[in-house]
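Asker: See data_26.txt below, with compact mmCIF, C-alpha atoms and all ligand atoms.
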```
# COMPACT_ATOMS: atom_id res chain seq x y z
CA MET A 1 67.41 83.59 142.96
CA ILE A 2 66.16 83.73 146.55
CA THR A 3 63.51 86.31 147.37
CA VAL A 4 62.38 86.81 150.95
CA GLU A 5 59.26 88.94 151.39
CA ASN A 6 58.05 90.35 154.67
CA LEU A 7 59.08 87.28 156.67
CA SER A 8 58.07 87.15 160.34
CA LYS A 9 58.66 84.52 162.98
CA SER A 10 58.06 84.72 166.74
CA PHE A 11 58.94 82.40 169.60
CA GLN A 12 57.48 82.14 173.10
CA GLN A 13 60.21 82.53 175.71
CA ASN A 14 59.37 82.64 179.44
CA ASN A 15 55.82 83.79 178.70
CA GLU A 16 57.11 86.51 176.44
CA THR A 17 56.93 86.74 172.66
CA VAL A 18 60.31 87.16 170.96
CA ARG A 19 60.05 88.46 167.39
CA ALA A 20 63.06 86.68 165.89
CA LEU A 21 62.16 87.95 162.39
CA ASP A 22 60.07 91.09 162.01
CA GLY A 23 59.14 91.74 158.37
CA VAL A 24 62.39 90.71 156.72
CA SER A 25 62.64 91.31 152.96
CA MET A 26 65.75 90.68 150.88
CA GLU A 27 66.95 89.24 147.58
CA VAL A 28 69.91 87.07 146.70
CA ALA A 29 70.83 87.07 142.99
CA PRO A 30 71.48 83.70 141.30
CA GLY A 31 75.07 82.54 141.58
CA SER A 32 76.02 85.18 144.14
CA VAL A 33 77.23 84.99 147.73
CA CYS A 34 75.17 86.90 150.30
CA GLY A 35 76.38 87.38 153.86
CA VAL A 36 73.74 87.70 156.59
CA VAL A 37 75.36 89.48 159.52
CA GLY A 38 74.27 90.89 162.86
CA GLU A 39 74.81 90.60 166.57
CA SER A 40 73.93 87.54 168.58
CA GLY A 41 70.15 87.15 168.74
CA ALA A 42 69.52 89.37 165.69
CA GLY A 43 67.63 86.58 163.92
CA LYS A 44 70.29 85.30 161.49
CA SER A 45 69.91 81.59 162.25
CA THR A 46 66.13 81.84 162.29
CA LEU A 47 66.25 83.38 158.81
CA ALA A 48 68.57 80.62 157.57
CA ARG A 49 66.36 77.94 159.15
CA CYS A 50 63.27 79.38 157.47
CA ILE A 51 64.96 79.58 154.07
CA GLY A 52 66.36 76.06 154.58
CA LEU A 53 62.80 74.85 155.30
CA LEU A 54 63.81 73.63 158.75
CA ASP A 55 61.44 76.14 160.41
CA LYS A 56 58.14 77.55 159.17
CA PRO A 57 57.72 81.34 159.30
CA ASP A 58 54.53 82.79 160.81
CA SER A 59 53.98 84.90 157.70
CA GLY A 60 55.69 86.09 154.54
CA ALA A 61 57.04 84.39 151.43
CA ILE A 62 60.33 82.70 150.51
CA ARG A 63 60.74 82.23 146.78
CA VAL A 64 63.51 80.15 145.30
CA ASP A 65 63.60 80.52 141.53
CA GLY A 66 60.04 81.88 141.66
CA THR A 67 58.37 79.14 143.75
CA ASP A 68 57.00 80.16 147.17
CA LEU A 69 58.37 77.52 149.54
CA VAL A 70 56.22 78.55 152.51
CA SER A 71 53.01 77.33 150.88
CA LEU A 72 54.41 73.88 149.96
CA ASP A 73 53.82 70.60 151.76
CA GLY A 74 54.18 66.86 151.21
CA LYS A 75 55.97 65.79 148.05
CA ALA A 76 56.42 69.33 146.73
CA LEU A 77 58.08 70.38 150.00
CA ARG A 78 60.46 67.41 149.87
CA ALA A 79 61.37 68.28 146.26
CA ALA A 80 61.96 71.92 147.24
CA ARG A 81 64.20 70.81 150.14
CA ARG A 82 66.45 69.04 147.66
CA GLN A 83 67.06 72.40 145.95
CA ILE A 84 68.58 73.75 149.16
CA GLY A 85 71.77 72.34 150.63
CA VAL A 86 72.26 73.16 154.32
CA VAL A 87 75.61 73.29 156.13
CA PRO A 88 74.44 73.24 159.75
CA GLN A 89 76.03 75.24 162.54
CA GLY A 90 78.66 73.26 164.48
CA ASP A 91 80.02 69.79 163.96
CA SER A 92 77.40 67.59 162.34
CA LEU A 93 79.37 64.73 160.75
CA LEU A 94 78.75 61.16 161.88
CA ARG A 95 81.83 60.04 163.83
CA GLN A 96 81.51 56.35 162.90
CA ARG A 97 81.50 57.04 159.14
CA THR A 98 84.43 58.10 157.00
CA ALA A 99 84.38 61.53 155.38
CA ALA A 100 83.31 59.87 152.10
CA GLY A 101 80.67 57.88 153.98
CA ASN A 102 79.23 61.12 155.36
CA VAL A 103 79.10 62.76 151.93
CA ALA A 104 77.51 59.62 150.43
CA LEU A 105 74.76 59.54 153.06
CA PRO A 106 72.24 61.81 151.29
CA LEU A 107 72.93 59.97 148.02
CA GLU A 108 72.21 56.62 149.71
CA ALA A 109 69.00 58.06 151.14
CA ALA A 110 67.98 59.19 147.64
CA GLY A 111 68.60 55.67 146.27
CA ILE A 112 71.46 56.66 143.92
CA PRO A 113 73.24 53.51 142.60
CA ALA A 114 76.69 52.75 144.06
CA ALA A 115 78.77 53.52 140.95
CA GLN A 116 77.13 56.92 140.46
CA ARG A 117 77.47 57.61 144.15
CA ARG A 118 81.20 56.94 144.07
CA GLN A 119 81.67 59.24 141.10
CA ARG A 120 79.70 62.07 142.71
CA VAL A 121 81.57 61.72 146.01
CA THR A 122 84.92 61.79 144.16
CA GLU A 123 83.89 65.00 142.34
CA LEU A 124 82.80 66.61 145.60
CA PHE A 125 86.07 65.79 147.37
CA GLU A 126 87.95 67.36 144.46
CA LEU A 127 85.80 70.46 144.70
CA VAL A 128 86.51 70.93 148.41
CA GLY A 129 90.21 70.06 147.95
CA LEU A 130 90.19 66.97 150.17
CA SER A 131 90.63 64.07 147.69
CA ASP A 132 93.35 62.59 149.91
CA LYS A 133 91.12 62.64 153.00
CA ALA A 134 88.04 60.81 151.71
CA GLY A 135 88.86 57.70 153.73
CA ALA A 136 89.60 59.56 156.98
CA TYR A 137 87.22 59.60 159.95
CA PRO A 138 85.97 62.97 161.25
CA ASP A 139 88.19 62.71 164.35
CA GLN A 140 91.25 62.47 162.09
CA LEU A 141 90.38 65.76 160.37
CA SER A 142 90.93 69.38 161.46
CA GLY A 143 87.94 71.64 162.17
CA GLY A 144 88.30 73.33 158.78
CA GLN A 145 88.54 70.00 156.95
CA ARG A 146 85.40 68.75 158.72
CA GLN A 147 83.61 71.90 157.66
CA ARG A 148 84.66 71.34 154.03
CA VAL A 149 83.33 67.76 154.21
CA SER A 150 80.09 69.19 155.58
CA ILE A 151 79.91 71.55 152.57
CA ALA A 152 80.53 68.59 150.21
CA ARG A 153 77.70 66.68 151.91
CA ALA A 154 75.33 69.64 151.54
CA LEU A 155 76.14 69.77 147.81
CA ALA A 156 75.66 66.03 147.19
CA GLY A 157 72.12 66.41 145.82
CA LYS A 158 73.19 69.21 143.41
CA PRO A 159 71.15 71.97 145.10
CA SER A 160 70.79 75.40 143.48
CA VAL A 161 71.12 77.13 146.87
CA LEU A 162 73.62 76.51 149.66
CA LEU A 163 72.97 77.80 153.18
CA ALA A 164 75.89 77.88 155.60
CA ASP A 165 75.28 78.86 159.23
CA GLU A 166 78.44 80.25 160.86
CA PRO A 167 80.74 78.07 158.71
CA THR A 168 83.89 79.65 160.13
CA SER A 169 83.08 80.16 163.80
CA ALA A 170 85.71 78.55 166.04
CA LEU A 171 88.23 78.31 163.18
CA ASP A 172 91.59 80.06 163.12
CA PRO A 173 92.25 82.58 160.30
CA SER A 174 94.16 80.26 157.94
CA THR A 175 91.57 77.48 158.30
CA THR A 176 88.81 80.04 157.83
CA ASP A 177 90.45 81.00 154.56
CA SER A 178 90.36 77.43 153.22
CA VAL A 179 86.63 77.14 154.01
CA LEU A 180 85.89 80.50 152.36
CA THR A 181 87.89 79.47 149.28
CA VAL A 182 85.62 76.44 148.97
CA LEU A 183 82.44 78.55 149.30
CA ASP A 184 83.82 80.91 146.66
CA ARG A 185 84.39 77.95 144.31
CA VAL A 186 80.87 76.67 144.96
CA ARG A 187 79.56 79.96 143.59
CA SER A 188 82.04 80.45 140.74
CA GLU A 189 82.40 76.84 139.51
CA LEU A 190 78.94 75.41 140.23
CA GLY A 191 76.91 78.63 139.94
CA VAL A 192 75.21 77.83 143.25
CA THR A 193 73.62 80.73 145.15
CA VAL A 194 75.27 80.87 148.58
CA LEU A 195 73.80 82.39 151.74
CA VAL A 196 76.29 82.63 154.61
CA VAL A 197 75.14 83.48 158.10
CA THR A 198 78.03 84.92 160.06
CA HIS A 199 78.92 87.30 162.86
CA ASP A 200 82.34 87.73 161.22
CA MET A 201 82.69 90.67 158.81
CA ALA A 202 85.92 89.11 157.50
CA VAL A 203 83.68 86.57 155.74
CA VAL A 204 81.80 89.39 154.05
CA ARG A 205 85.07 91.13 153.14
CA ARG A 206 86.48 87.98 151.56
CA ILE A 207 83.60 86.41 149.59
CA ALA A 208 80.28 88.27 149.76
CA ASP A 209 78.78 90.04 146.75
CA ASP A 210 75.81 91.19 148.82
CA VAL A 211 75.21 91.67 152.52
CA ALA A 212 72.14 91.95 154.75
CA VAL A 213 72.57 93.35 158.24
CA LEU A 214 69.98 92.18 160.77
CA GLU A 215 69.17 93.93 164.02
CA GLN A 216 66.40 92.72 166.33
CA GLY A 217 64.77 90.74 163.54
CA ARG A 218 64.82 93.57 160.99
CA VAL A 219 67.03 94.26 157.98
CA ILE A 220 68.77 97.56 158.65
CA GLU A 221 71.08 97.49 155.62
CA HIS A 222 70.99 95.35 152.48
CA GLY A 223 72.65 95.58 149.10
CA LYS A 224 75.82 95.03 147.14
CA VAL A 225 78.88 95.29 149.35
CA LEU A 226 80.65 97.56 146.85
CA ASP A 227 77.64 99.90 146.68
CA LEU A 228 77.17 100.04 150.46
CA VAL A 229 80.80 100.85 151.25
CA ALA A 230 80.55 103.96 149.07
CA GLU A 231 77.68 105.30 151.20
CA THR A 232 78.90 107.47 154.04
CA SER A 233 76.14 106.35 156.42
CA SER A 234 76.75 102.63 155.86
CA ARG A 235 77.69 100.52 158.89
CA VAL A 236 79.07 97.93 156.50
CA GLY A 237 81.33 100.59 155.00
CA GLU A 238 82.40 101.80 158.42
CA THR A 239 83.39 98.27 159.43
CA LEU A 240 85.08 97.18 156.20
CA LEU A 241 86.96 100.31 155.14
CA PRO A 242 90.04 101.82 156.78
CA ALA A 243 89.33 104.50 159.39
CA THR A 244 90.25 107.99 158.29
CA ASP A 245 91.23 109.08 161.79
CA GLN A 246 88.02 110.03 163.55
CA ALA A 247 89.99 111.81 166.26
CA ALA A 248 90.84 114.55 163.76
CA PRO A 249 87.60 115.34 161.97
CA LEU A 250 87.33 117.13 158.66
CA ARG A 251 88.59 120.63 159.49
CA PRO A 252 90.18 122.62 156.68
CA ALA A 253 91.26 125.45 158.97
CA ARG A 254 93.21 123.07 161.18
CA THR A 255 95.07 121.40 158.36
CA GLY A 256 95.80 124.53 156.35
CA HIS A 257 94.08 123.21 153.21
CA ASP A 258 91.40 124.94 151.16
CA VAL A 259 89.18 121.86 151.18
CA VAL A 260 89.29 118.66 153.19
CA ALA A 261 87.17 115.70 152.16
CA GLU A 262 86.70 112.00 152.62
CA VAL A 263 86.88 110.07 149.36
CA VAL A 264 85.89 106.45 148.72
CA LEU A 265 87.30 104.93 145.54
CA VAL A 266 86.22 101.52 144.22
CA GLY A 267 88.12 99.45 141.63
CA PHE A 268 91.63 99.32 140.16
CA ALA A 269 91.20 102.30 137.83
CA ALA A 270 89.75 104.66 140.45
CA VAL A 271 92.15 103.63 143.22
CA GLY A 272 95.20 103.87 140.96
CA ALA A 273 94.56 107.01 138.98
CA LEU A 274 91.77 109.31 140.17
CA LEU A 275 93.57 111.33 142.85
CA PRO A 276 96.79 112.06 140.90
CA GLU A 277 94.78 112.85 137.77
CA ALA A 278 92.47 115.26 139.61
CA SER A 279 95.50 116.94 141.11
CA SER A 280 97.31 117.50 137.81
CA ARG A 281 94.18 118.32 135.75
CA PHE A 282 93.04 121.06 138.15
CA GLU A 283 96.51 122.13 139.31
CA VAL A 284 95.73 121.56 142.97
CA ASP A 285 98.02 120.24 145.63
CA LEU A 286 96.47 117.08 147.05
CA SER A 287 97.71 115.42 150.23
CA ILE A 288 96.52 112.23 151.89
CA LEU A 289 95.75 113.01 155.53
CA GLY A 290 94.42 109.62 156.61
CA GLY A 291 92.72 106.39 155.64
CA GLY A 292 94.16 103.71 153.41
CA LEU A 293 93.60 100.86 151.01
CA THR A 294 91.84 97.56 151.44
CA ARG A 295 90.44 94.76 149.29
CA LEU A 296 86.86 93.52 149.16
CA GLY A 297 86.87 90.17 147.39
CA ASP A 298 89.08 90.88 144.36
CA THR A 299 88.28 94.58 144.25
CA PRO A 300 90.66 97.19 145.68
CA VAL A 301 88.84 99.90 147.62
CA ALA A 302 90.35 103.02 149.17
CA LYS A 303 89.02 105.43 151.73
CA PHE A 304 91.16 108.51 152.15
CA LYS A 305 90.90 111.78 153.94
CA VAL A 306 92.42 114.26 151.49
CA GLY A 307 93.42 117.89 151.78
CA LEU A 308 93.29 120.03 148.61
CA THR A 309 95.00 123.37 148.16
CA GLY A 310 94.49 125.56 145.12
CA GLU A 311 91.85 127.71 143.47
CA ARG A 312 90.19 124.83 141.65
CA SER A 313 89.96 122.45 144.63
CA GLU A 314 86.14 122.28 144.49
CA ALA A 315 86.23 121.65 140.75
CA ALA A 316 88.69 118.80 141.31
CA LEU A 317 86.32 117.21 143.84
CA ASN A 318 83.35 117.62 141.50
CA TRP A 319 85.33 116.01 138.69
CA MET A 320 86.02 113.00 140.95
CA ILE A 321 82.32 112.76 141.86
CA GLU A 322 81.44 112.69 138.15
CA ARG A 323 83.78 109.69 137.89
CA ASP A 324 81.85 107.83 140.61
CA ALA A 325 84.10 108.65 143.53
CA ASN A 326 82.08 109.04 146.71
CA VAL A 327 83.07 112.32 148.30
CA ARG A 328 82.11 113.81 151.65
CA ARG A 329 83.28 117.37 152.07
CA ALA A 330 84.33 118.94 155.33
CA PRO A 331 81.51 120.66 157.20
CA VAL A 332 81.08 124.28 156.14
CA ALA A 333 82.61 126.91 158.41
CA VAL A 334 80.19 128.72 160.73
CA ASP A 335 80.83 132.40 161.63
CA GLY A 336 84.26 132.21 160.14
CA VAL A 337 85.26 129.26 162.31
CA ALA A 338 85.80 125.95 160.60
CA ALA A 339 83.28 123.35 161.81
N1 LIG B 401 63.65 77.63 168.96
C1 LIG B 401 63.59 78.78 169.62
N2 LIG B 401 62.81 78.92 170.72
C2 LIG B 401 62.73 80.11 171.38
N3 LIG B 401 63.40 81.21 171.02
C3 LIG B 401 64.18 81.15 169.94
C4 LIG B 401 64.32 79.94 169.18
N4 LIG B 401 65.18 80.17 168.15
C5 LIG B 401 65.58 81.47 168.27
N5 LIG B 401 64.97 82.06 169.32
C6 LIG B 401 65.13 83.46 169.75
O1 LIG B 401 64.97 84.29 168.59
C7 LIG B 401 65.94 85.36 168.61
C8 LIG B 401 66.79 85.26 167.36
O2 LIG B 401 67.63 84.11 167.47
P1 LIG B 401 68.61 83.60 166.32
O3 LIG B 401 69.25 82.35 166.81
O4 LIG B 401 67.90 83.56 165.03
O5 LIG B 401 69.68 84.80 166.29
P2 LIG B 401 71.15 84.81 165.69
O6 LIG B 401 71.32 86.16 165.08
O7 LIG B 401 71.35 83.64 164.83
O8 LIG B 401 72.05 84.70 166.99
P3 LIG B 401 73.44 83.90 167.19
O9 LIG B 401 74.46 84.67 166.41
O10 LIG B 401 73.65 84.00 168.67
O11 LIG B 401 73.23 82.50 166.70
C9 LIG B 401 66.72 85.21 169.90
O12 LIG B 401 66.12 86.05 170.87
C10 LIG B 401 66.53 83.76 170.27
O13 LIG B 401 66.64 83.58 171.67
```
Using the file provided, produce a representation of the structure as structure tokens.
Ligand SMILES: Nc1ncnc2c1ncn2[C@@H]1O[C@H](COP(=O)(O)OP(=O)(O)OP(=O)(O)O)[C@@H](O)[C@H]1O

Answerer:
Amino acid sequence: MITVENLSKSFQQNNETVRALDGVSMEVAPGSVCGVVGESGAGKSTLARCIGLLDKPDSGAIRVDGTDLVSLDGKALRAARRQIGVVPQGDSLLRQRTAAGNVALPLEAAGIPAAQRRQRVTELFELVGLSDKAGAYPDQLSGGQRQRVSIARALAGKPSVLLADEPTSALDPSTTDSVLTVLDRVRSELGVTVLVVTHDMAVVRRIADDVAVLEQGRVIEHGKVLDLVAETSSRVGETLLPATDQAAPLRPARTGHDVVAEVVLVGFAAVGALLPEASSRFEVDLSILGGGLTRLGDTPVAKFKVGLTGERSEAALNWMIERDANVRRAPVAVDGVAA
């Protein structure tokens, strides 16, 4: 479990103070993947560097499994650093060493005997799906393969937390997918808590359980991805779910329906059954006017604009709300004119 409490960090830039982190608080549950997203300069890398103990915050606490890392120094700090594997931004492998040589480096530094080292390196290459590339040099590998070697190296010391800073930037979509598959396995097979800093919401869509959105050093949204997408005001939801045709807002009068609403459905059961069941149970005619289906991780999620016609249209919507559908009704008509 990573807990960040009220973390602040400023830098001096051209005689001005830049608040890279301004009271950041967030939690990452054990064995989950959390995406930290935001525009360039929002403070993502600074947050990752503070959690990775590469930078010291000005104030605040960072707890990993209950221990506050900010207050540590000397031997205790070195021990805490071993709990956190860092995949640095960009290409960081040593060119003159083979892929296996790079992964073995932290094990050599820790004085692990050769036989144990070989076994650990073999396991790590299996985990990242590159057993046949262990003897290759970084220049003989693709960008995605180098990134997977970098992940293996960060995991060499069996950390409980893995930090990856922009692990997929500059990779094409299919290579990105192979790197994300590896990060997903790190969480599911090793139970490691993964924090991924990224500007790419596709990373969040594919592997994140939780997300924190940073803006100018502050957290403006944080929580479970599947909870946030159900909230109508969520930027995460707006980015990850299909658009329901903003050009034609919710106007019952225009569409000829009794009620028009936006509905977000999460999970196989809701996506597959809720709309047809509401329609037949309440004898209303229900048409899909916009939106569509997507997938967040393994979970299907739908956002539809629906038009309902029939006396019990409101009751049908209420019934869906009781079954955890997130429903936003069309604005109420003013002076007889639909809003
Ligand atoms: N070592 C440093 N010295 C001075 N200013 C810094 C330093 N590191 C970061 N900053 C400043 O702090 C702010 C946050 O930077 P940070 O790199 O954390 O953002 P980011 O969200 O990771 O951006 P990017 O996506 O471009 O990497 C920026 O204004 C940046 O210029």

Asker: To check your reading of the model: which residues sit at most 9 Å from ligand LIG 401 (chain B) when counting all atoms listed in the file? Write the answer as a PyMOL selection string.

Answerer: chain A and resi 9-13+17-21+36-49+55+89+165-166+197-199+214-217

Asker: Using only C-alpha atoms, can you tell me which of A:Val33, A:Thr3, A:Ser160, A:Pro113 comes closest to Leu183 of chain A?

Answerer: A:Val33

Asker: Compare A:Val87, A:Leu289, A:Ala316, A:Ala261 by their minimum atom-to-atom distance to Pro276 of chain A, counting all atoms listed in the file, and give me the closest one.

Answerer: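 Between A:Val87, A:Leu289, A:Ala316, A:Ala261, the residue approaching Pro276 of chain A most closely is A:Ala316.
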
Asker: Got a sec to check which residues sit within 10 Å of (70.3, 83.4, 141.2), counting all atoms listed in the file, and write them as a list in words?

Answerer: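 Applying the cut-off with all atoms listed in the file, one gets Met1, Ile2, Thr3, Glu27, Val28, Ala29, Pro30, Gly31, Ser32, Val33, Val64, Asp65, Ser160, Val161, Gly191, Val192, Thr193 and Val194 of chain A.
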
Asker: Between atom CA of Arg206 of chain A and atom CA of Leu180 of chain A, what distance in Å does the model show, to one decimal?

Answerer: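 Between atom CA of Arg206 of chain A and atom CA of Leu180 of chain A the gap is 7.5 Å.
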
Asker: For a cut-off of 12 Å around (58.9, 80.8, 145.6), file coordinates, pick out all residues using only C-alpha atoms and list them as JSON, numbers by chain.

Answerer: {"A": [1, 2, 3, 4, 5, 27, 51, 60, 61, 62, 63, 64, 65, 66, 67, 68, 69, 70, 71, 72, 76, 77, 80, 83]}

Asker: When you look at Glu277 of chain A with a cut-off of 12 Å (counting all atoms listed in the file), what residues show up, excluding the ones that are within fewer than 4 positions of it in the same chain? I need them as a list of chain:residue names.

Answerer: A:Ala269, A:Ala270, A:Val271, A:Gly272, A:Ala273, A:Arg281, A:Phe282, A:Glu283, A:Val284, A:Asp285, A:Leu286, A:Ala316, A:Leu317, A:Trp319, A:Met320, A:Arg323

Asker: Write out as a VMD selection string which residues come within 12 Å of segment 224-234 of chain A when counting all atoms listed in the file, dropping same-chain ones fewer than 5 positions away.

Answerer: chain A and resid 26 to 29 32 to 36 201 203 to 213 239 to 242 261 to 267 294 to 304 321 324 to 329

Asker: For atom CA of Gly52 of chain A and atom CA of Val196 of chain A, determine how far apart the two atoms are, in Å to one decimal place.

Answerer: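 Separating atom CA of Gly52 of chain A from atom CA of Val196 of chain A is a distance of 11.9 Å.
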
Asker: Just how far from atom CA of Arg81 of chain A is atom CA of Asn6 of chain A, in Å to one decimal?

Answerer: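 Result for atom CA of Asn6 of chain A versus atom CA of Arg81 of chain A: 21.0 Å, one decimal.
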
Asker: So, counting only C-alpha atoms, which residue among A:Glu322, A:Val260, A:Glu311, A:Asp73 is closest to Ser287 of chain A?

Answerer: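 Smallest separation from Ser287 of chain A among the options: A:Val260.
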
Asker: Which residues are near segment 167-179 of chain A? Cut-off 6 Å, all atoms listed in the file, ignore same chain within fewer than 3 positions. Put them as an MDAnalysis selection string.

Answerer: chainID A and resid 144 164 182

Asker: Write the residues of the preceding selection, restricted to C-alpha atoms, as a compact mmCIF listing (two decimals), in the frame of the given file.

Answerer:
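Here's the written file selection.txt:
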```txt
# COMPACT_ATOMS: atom_id res chain seq x y z
CA GLY A 144 88.30 73.33 158.78
CA ALA A 164 75.89 77.88 155.60
CA VAL A 182 85.62 76.44 148.97
```

Asker: Would you compute, for all listed atoms of segment 156-161 of chain A, the axis-aligned bounding box grown by 8 Å on each side, and then report its centre and edge lengths in Å rounded to one decimal, as AutoDock Vina command-line options?

Answerer:
```
--center_x 73.2 --center_y 71.6 --center_z 145.3 --size_x 20.9 --size_y 27.1 --size_z 19.8
```

Asker: Please provide the set of residues having any atom within 7 Å of Pro159 of chain A, restricted to only C-alpha atoms, with same-chain residues fewer than 5 positions apart removed, written as a PyMOL selection string.

Answerer: chain A and resi 82-85

Asker: Using all atoms listed in the file, pick whichever of A:Gln119, A:Ala114, A:Ser150, A:Ala134 has the shortest atom-to-atom distance to Leu94 of chain A.

Answerer: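 Of all the options, A:Ser150 lies closest to Leu94 of chain A.
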
Asker: Quick one: residues within 6 Å of Thr98 of chain A, only C-alpha atoms, excluding same-chain residues fewer than 6 positions away - as a ChimeraX atom specification?

Answerer: /A:135-137
